[in-house]
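A.B. asks: Sharing protein02.tsv, TSV, C-alpha atoms:
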chain	number	residue	atom	x	y	z
S	17	MET	CA	-25.18	33.08	145.50
S	18	LYS	CA	-25.69	30.63	142.66
S	19	ILE	CA	-24.52	31.98	139.34
S	20	VAL	CA	-26.32	30.84	136.20
S	21	SER	CA	-24.46	30.73	132.88
S	22	THR	CA	-26.22	30.65	129.52
S	23	LYS	CA	-25.11	30.03	125.94
S	24	ASP	CA	-24.21	33.74	125.72
S	25	ASN	CA	-22.05	33.35	128.83
S	26	LEU	CA	-24.51	35.46	130.77
S	27	GLN	CA	-23.83	35.26	134.49
S	28	VAL	CA	-27.01	35.79	136.50
S	29	ILE	CA	-26.13	36.66	140.10
S	30	TYR	CA	-29.59	37.40	141.49
S	31	GLU	CA	-33.13	37.14	140.18
S	32	ASP	CA	-36.66	37.45	141.49
S	33	ASN	CA	-40.00	38.48	139.99
S	34	HIS	CA	-39.07	42.17	139.97
S	35	LEU	CA	-35.41	42.51	139.06
S	36	ILE	CA	-32.41	40.62	137.72
S	37	ALA	CA	-28.70	41.27	138.36
S	38	VAL	CA	-25.97	40.03	136.04
S	39	ASN	CA	-22.18	40.07	136.02
S	40	LYS	CA	-21.01	42.09	133.03
S	41	ARG	CA	-17.93	41.00	131.11
S	42	VAL	CA	-15.28	43.18	129.47
S	43	GLY	CA	-16.59	44.51	126.16
S	44	ASP	CA	-20.28	44.04	126.88
S	45	ILE	CA	-22.45	47.09	126.28
S	46	VAL	CA	-25.40	47.44	128.62
S	47	GLN	CA	-27.71	49.12	126.12
S	48	GLY	CA	-27.66	49.34	122.33
S	49	ASP	CA	-25.51	52.06	120.76
S	50	GLN	CA	-24.16	53.17	117.38
S	51	THR	CA	-21.83	50.16	117.17
S	52	GLY	CA	-24.76	47.85	116.50
S	53	ASP	CA	-23.25	45.25	118.83
S	54	LYS	CA	-25.66	43.02	120.69
S	55	PRO	CA	-26.30	44.68	124.07
S	56	LEU	CA	-26.47	42.95	127.43
S	57	SER	CA	-30.11	44.01	127.75
S	58	GLU	CA	-31.03	41.86	124.72
S	59	VAL	CA	-29.09	38.88	126.08
S	60	VAL	CA	-31.00	39.15	129.37
S	61	LYS	CA	-34.32	39.39	127.53
S	62	GLU	CA	-33.52	36.20	125.61
S	63	TYR	CA	-32.56	34.48	128.86
S	64	ILE	CA	-35.89	35.43	130.49
S	65	LYS	CA	-37.90	34.45	127.41
S	66	GLN	CA	-36.25	31.04	127.23
S	67	LYS	CA	-36.26	30.30	130.97
S	68	TYR	CA	-39.93	31.11	131.48
S	69	ASP	CA	-41.11	30.20	127.98
S	70	LYS	CA	-42.63	33.64	127.59
S	71	PRO	CA	-44.63	34.40	124.45
S	72	GLY	CA	-44.23	37.77	122.77
S	73	GLU	CA	-41.99	40.62	123.86
S	74	VAL	CA	-40.17	40.47	127.20
S	75	TYR	CA	-40.15	43.63	129.30
S	76	LEU	CA	-36.78	44.72	130.65
S	77	GLY	CA	-35.87	48.13	132.01
S	78	VAL	CA	-32.29	49.46	132.05
S	79	VAL	CA	-31.68	50.93	135.50
S	80	HIS	CA	-28.02	51.96	135.21
S	81	ARG	CA	-24.98	51.38	133.02
S	82	LEU	CA	-21.30	50.46	133.21
S	83	ASP	CA	-18.52	51.58	130.90
S	84	ARG	CA	-17.78	49.06	128.17
S	85	PRO	CA	-14.22	48.19	129.37
S	86	THR	CA	-15.34	47.58	132.97
S	87	THR	CA	-16.79	44.45	134.55
S	88	GLY	CA	-19.27	43.72	137.30
S	89	LEU	CA	-22.76	44.16	138.59
S	90	VAL	CA	-25.59	45.45	136.42
S	91	VAL	CA	-29.22	45.48	137.56
S	92	PHE	CA	-32.24	45.39	135.25
S	93	ALA	CA	-35.93	45.80	136.14
S	94	LYS	CA	-38.35	43.08	135.08
S	95	THR	CA	-41.48	45.24	135.49
S	96	SER	CA	-42.31	48.88	134.81
S	97	LYS	CA	-43.16	49.42	138.50
S	98	ALA	CA	-39.79	48.08	139.56
S	99	LEU	CA	-38.05	50.29	137.00
S	100	THR	CA	-39.77	53.43	138.29
S	101	ARG	CA	-38.89	52.67	141.89
S	102	LEU	CA	-35.31	51.64	141.15
S	103	ASN	CA	-34.81	54.77	139.05
S	104	GLU	CA	-35.98	56.84	142.02
S	105	SER	CA	-33.57	55.03	144.34
S	106	PHE	CA	-30.64	55.76	142.05
S	107	LYS	CA	-31.74	59.36	141.45
S	108	ASN	CA	-32.12	60.04	145.17
S	109	ARG	CA	-28.80	58.33	145.96
S	110	GLU	CA	-30.44	55.72	148.14
S	111	THR	CA	-28.07	53.13	146.71
S	112	GLN	CA	-24.55	52.23	147.79
S	113	LYS	CA	-22.14	51.35	144.97
S	114	THR	CA	-18.81	49.69	145.73
S	115	TYR	CA	-16.13	49.11	143.12
S	116	TRP	CA	-12.77	47.34	143.11
S	117	ALA	CA	-9.93	48.89	141.14
S	118	VAL	CA	-6.39	47.73	140.39
S	119	VAL	CA	-3.86	50.56	140.18
S	120	LYS	CA	-0.11	50.52	139.58
S	121	ASN	CA	0.90	53.24	142.02
S	122	VAL	CA	0.21	53.20	145.76
S	123	PRO	CA	-2.21	56.02	146.69
S	124	PRO	CA	-1.01	58.86	148.94
S	125	LYS	CA	-2.93	57.39	151.91
S	126	LEU	CA	-4.12	53.93	152.97
S	127	GLN	CA	-7.66	55.30	152.85
S	128	ASP	CA	-9.05	58.70	151.97
S	129	THR	CA	-12.01	60.64	150.65
S	130	LEU	CA	-11.34	62.33	147.33
S	131	THR	CA	-13.28	65.42	146.34
S	132	HIS	CA	-12.82	66.96	142.91
S	133	TYR	CA	-14.72	68.92	140.30
S	134	LEU	CA	-15.22	66.94	137.10
S	135	VAL	CA	-15.61	68.39	133.64
S	136	ARG	CA	-16.83	66.09	130.88
S	137	ASN	CA	-15.42	66.33	127.36
S	138	PRO	CA	-17.97	64.76	125.01
S	139	LYS	CA	-15.61	64.99	122.00
S	140	ASN	CA	-13.21	62.37	123.34
S	141	ASN	CA	-15.57	60.85	125.91
S	142	THR	CA	-13.44	61.64	128.94
S	143	SER	CA	-13.76	63.56	132.18
S	144	LYS	CA	-11.06	65.62	133.87
S	145	ALA	CA	-10.80	66.14	137.61
S	146	HIS	CA	-9.96	69.58	138.98
S	147	ASP	CA	-9.05	70.54	142.53
S	148	LYS	CA	-11.20	73.66	142.41
S	149	GLU	CA	-14.53	74.50	140.85
S	150	VAL	CA	-14.29	75.51	137.19
S	151	VAL	CA	-16.79	76.29	134.44
S	152	GLU	CA	-19.31	73.47	133.88
S	153	SER	CA	-17.71	71.29	136.56
S	154	LYS	CA	-19.64	68.96	138.85
S	155	LEU	CA	-18.71	68.14	142.44
S	156	SER	CA	-17.51	64.54	142.66
S	157	SER	CA	-16.67	62.53	145.75
S	158	LEU	CA	-15.55	59.00	146.58
S	159	THR	CA	-13.85	57.12	149.39
S	160	TYR	CA	-11.15	54.52	148.79
S	161	GLN	CA	-9.18	52.10	150.90
S	162	ILE	CA	-6.37	49.70	150.04
S	163	ILE	CA	-7.62	46.12	150.37
S	164	GLY	CA	-4.83	44.18	148.68
S	165	LYS	CA	-1.39	44.30	147.07
S	166	THR	CA	0.61	42.22	144.62
S	167	ASN	CA	4.24	42.64	143.59
S	168	HIS	CA	3.36	45.34	141.09
S	169	TYR	CA	-0.17	46.51	141.80
S	170	CYS	CA	-2.43	47.85	144.51
S	171	ILE	CA	-6.10	46.84	144.85
S	172	LEU	CA	-8.54	49.48	146.07
S	173	GLU	CA	-12.12	49.34	147.28
S	174	VAL	CA	-14.00	52.44	146.20
S	175	ASP	CA	-17.32	53.69	147.53
S	176	LEU	CA	-19.02	56.28	145.34
S	177	HIS	CA	-20.77	59.29	146.88
S	178	THR	CA	-21.71	60.80	143.52
S	179	GLY	CA	-22.26	59.22	140.12
S	180	ARG	CA	-20.35	61.25	137.56
S	181	HIS	CA	-19.13	60.25	134.10
S	182	HIS	CA	-15.91	58.19	134.42
S	183	GLN	CA	-15.67	59.44	137.99
S	184	ILE	CA	-13.47	56.70	139.49
S	185	ARG	CA	-11.17	56.64	136.48
S	186	ALA	CA	-10.70	60.41	136.46
S	187	GLN	CA	-10.33	60.88	140.21
S	188	LEU	CA	-7.81	58.06	140.69
S	189	THR	CA	-5.78	59.41	137.79
S	190	LYS	CA	-5.80	62.83	139.43
S	191	VAL	CA	-4.04	61.42	142.50
S	192	GLY	CA	-1.49	59.54	140.37
S	193	CYS	CA	-3.17	56.14	140.36
S	194	PRO	CA	-4.53	55.32	136.89
S	195	ILE	CA	-6.39	52.02	136.65
S	196	LYS	CA	-4.54	49.08	135.08
S	197	GLY	CA	-5.22	48.92	131.35
S	198	ASP	CA	-6.91	52.33	131.20
S	199	LEU	CA	-4.92	54.01	128.40
S	200	LYS	CA	-7.50	56.78	128.17
S	201	TYR	CA	-6.60	57.85	131.70
S	202	GLY	CA	-2.85	57.40	131.75
S	203	ALA	CA	-2.10	53.69	132.13
S	204	ASP	CA	1.24	52.56	130.66
S	205	ARG	CA	-0.20	49.73	128.58
S	206	SER	CA	-3.52	48.18	127.62
S	207	ASN	CA	-4.86	44.88	128.89
S	208	PRO	CA	-4.87	41.97	126.40
S	209	ASP	CA	-8.69	41.87	126.38
S	210	GLY	CA	-9.01	45.63	125.88
S	211	GLY	CA	-10.67	46.05	129.25
S	212	ILE	CA	-9.60	47.84	132.41
S	213	HIS	CA	-9.27	46.52	135.96
S	214	LEU	CA	-12.34	48.28	137.32
S	215	HIS	CA	-15.05	46.00	138.69
S	216	ALA	CA	-18.50	46.94	139.99
S	217	ARG	CA	-18.25	44.72	143.05
S	218	LYS	CA	-21.30	45.38	145.22
S	219	LEU	CA	-24.61	47.21	145.18
S	220	THR	CA	-27.02	47.80	148.03
S	221	VAL	CA	-30.43	49.04	146.94
S	222	MET	CA	-33.91	49.22	148.44
S	223	HIS	CA	-35.92	46.39	146.92
S	224	PRO	CA	-38.64	47.99	144.74
S	225	VAL	CA	-41.46	45.84	146.17
S	226	GLN	CA	-40.29	44.30	149.44
S	227	LYS	CA	-38.97	47.71	150.61
S	228	THR	CA	-36.02	46.10	152.39
S	229	PRO	CA	-32.29	46.60	151.63
S	230	LEU	CA	-30.93	44.19	149.02
S	231	THR	CA	-27.18	43.67	148.73
S	232	ILE	CA	-25.77	41.92	145.66
S	233	VAL	CA	-22.11	41.01	145.14
S	234	ALA	CA	-20.50	40.27	141.77
S	235	PRO	CA	-17.56	37.82	141.67
S	236	THR	CA	-14.42	39.18	140.04
S	237	PRO	CA	-13.24	37.90	136.64
S	238	ASP	CA	-10.89	34.93	136.44
S	239	ASP	CA	-7.64	36.89	136.35
S	240	PRO	CA	-4.29	36.49	138.15
S	241	ILE	CA	-4.59	39.81	139.99
S	242	TRP	CA	-8.27	39.49	140.90
S	243	ASN	CA	-7.70	35.90	141.98
S	244	THR	CA	-5.40	37.09	144.76
S	245	MET	CA	-8.57	38.42	146.44
S	246	LYS	CA	-10.42	35.09	146.35
Any chance you could give the structure as structure tokens?

C.D. replies:
Amino acid sequence: MKIVSTKDNLQVIYEDNHLIAVNKRVGDIVQGDQTGDKPLSEVVKEYIKQKYDKPGEVYLGVVHRLDRPTTGLVVFAKTSKALTRLNESFKNRETQKTYWAVVKNVPPKLQDTLTHYLVRNPKNNTSKAHDKEVVESKLSSLTYQIIGKTNHYCILEVDLHTGRHHQIRAQLTKVGCPIKGDLKYGADRSNPDGGIHLHARKLTVMHPVQKTPLTIVAPTPDDPIWNTMK
């Protein structure tokens, strides 16, 4: 896929008349928040306005989000009809999300399905994984497999079965494999850029208009560990 870069370093991975997919960088916020930082949604709007010389306000619907320290694939809807249909796809779990994660410790198994009960703590914006159901917990499930190794780290491919708050971060920590750079979930040290080595690698979704499966893949950041996978 051809990747387009703009003056805001926006990487456009896929675009048609109905949706646009971009490769989020560390530190980008998908939608505006209390920080007042310029969100990715506004950068994409400016890109569309400039590319197509659109007068007036550009429509853009936020379909899903990624945590600020993570990287990877984010999809936006370019029409209200596309937004409604994409929202339904995500709500009904008709999408397949695949992430790559770099962890320091080797997981207990080469591949496994992890099932936990997650409890979110809004005060410190974390989630904790429990082996058994507890008060206000939500069932959370993912499958991982080891896809690469370096001298000090292990690279996992993770397929999500549920979409809970900080699910991958909390579940991998529960099995002794915190993500590189993720101080909030037990990593030894932070990454220089303040991010974590969790990358939204691939998304398969039913196209909102064509009604056929669409698979989009986001290249990993230029980084010594990620580059071992290229």

A.B. asks: Restricting the calculation to only C-alpha atoms, which member of S:Pro240, S:Gly197, S:Gly192, S:Pro123 is positioned closest to Gln161 (chain S)?

C.D. replies: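 The answer is S:Pro123, which sits nearest to Gln161 (chain S).
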
A.B. asks: Taking all atoms listed in the file into account, which of S:Thr244, S:Thr129, S:Thr220, S:Asn121 comes nearest Ala203 (chain S)?

C.D. replies: S:Asn121

A.B. asks: Can you tell me how far CA of Lys94 (chain S) sits from CA of Arg217 (chain S), in Å to one decimal?

C.D. replies: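 Computed distance, CA of Lys94 (chain S) to CA of Arg217 (chain S), equals 21.7 Å.
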
A.B. asks: Could you jot down the CA of Val60 (chain S) to CA of Arg101 (chain S) separation for me, Å, one decimal place?

C.D. replies: 20.0 Å

A.B. asks: Got a sec: who's within 10 Å of Asn33 (chain S), counting only C-alpha atoms, leaving out chain neighbours fewer than 4 positions off, as a list in words?

C.D. replies: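 Returned residues: Ala93, Lys94, Thr95, Ala98 and Val225 of chain S.
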
A.B. asks: Which residues are near Gln112 (chain S)? Cut-off 12 Å, all atoms listed in the file, ignore same chain within fewer than 3 positions. Put them as a list in words.

C.D. replies: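 Surrounding residues, per the criterion: Ser105, Phe106, Lys107, Asn108, Arg109, Tyr115, Leu158, Thr159, Val174, Asp175, Leu176, His177, Thr178, Gly179, Ala216, Arg217, Lys218, Leu219, Thr220, Val221, Met222, Pro229, Leu230, Thr231, Ile232 and Val233 of chain S.
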
A.B. asks: With all atoms listed in the file as the counted atoms, please give the residues lying no more than 12 Å from Ile29 (chain S), apart from itself and same-chain residues fewer than 3 positions off, as a VMD selection string.

C.D. replies: chain S and resid 17 to 21 26 32 35 to 40 88 to 92 217 to 219 231 to 236

A.B. asks: Could you tell me how far CA of Ile171 (chain S) sits from CA of Trp242 (chain S), in Å to one decimal place?

C.D. replies: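 Those two atoms sit 8.6 Å apart.
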
A.B. asks: Would you pick out the contacts of region 140-156 of chain S at 8 Å or less, using only C-alpha atoms, so that residues sharing its chain but fewer than 3 positions from it are not included, and give the list as a PyMOL selection string?

C.D. replies: chain S and resi 131-137+177-183+186-187+190+200

A.B. asks: Give me a file of those residues, with C-alpha atoms, as a PDB file, in the frame of the given file.

C.D. replies:
ATOM      1  CA  THR S 131     -13.280  65.420 146.340  1.00  0.00           C
ATOM      2  CA  HIS S 132     -12.820  66.960 142.910  1.00  0.00           C
ATOM      3  CA  TYR S 133     -14.720  68.920 140.300  1.00  0.00           C
ATOM      4  CA  LEU S 134     -15.220  66.940 137.100  1.00  0.00           C
ATOM      5  CA  VAL S 135     -15.610  68.390 133.640  1.00  0.00           C
ATOM      6  CA  ARG S 136     -16.830  66.090 130.880  1.00  0.00           C
ATOM      7  CA  ASN S 137     -15.420  66.330 127.360  1.00  0.00           C
ATOM      8  CA  HIS S 177     -20.770  59.290 146.880  1.00  0.00           C
ATOM      9  CA  THR S 178     -21.710  60.800 143.520  1.00  0.00           C
ATOM     10  CA  GLY S 179     -22.260  59.220 140.120  1.00  0.00           C
ATOM     11  CA  ARG S 180     -20.350  61.250 137.560  1.00  0.00           C
ATOM     12  CA  HIS S 181     -19.130  60.250 134.100  1.00  0.00           C
ATOM     13  CA  HIS S 182     -15.910  58.190 134.420  1.00  0.00           C
ATOM     14  CA  GLN S 183     -15.670  59.440 137.990  1.00  0.00           C
ATOM     15  CA  ALA S 186     -10.700  60.410 136.460  1.00  0.00           C
ATOM     16  CA  GLN S 187     -10.330  60.880 140.210  1.00  0.00           C
ATOM     17  CA  LYS S 190      -5.800  62.830 139.430  1.00  0.00           C
ATOM     18  CA  LYS S 200      -7.500  56.780 128.170  1.00  0.00           C
TER      19      LYS S 200
END

A.B. asks: Would you kindly return, as a list in words, each protein, DNA or RNA residue with an atom no farther than 8 Å from any atom of region 82-86 of chain S, considering all atoms listed in the file and excluding same-chain residues fewer than 3 positions away?

C.D. replies: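 Counting all atoms listed in the file, the residues come to Lys40, Arg41, Val42, Gly43, Asp44, Ile45, Val46, Val90, His182, Gly210, Gly211, Ile212, His213, Leu214, His215 and Ala216 of chain S.
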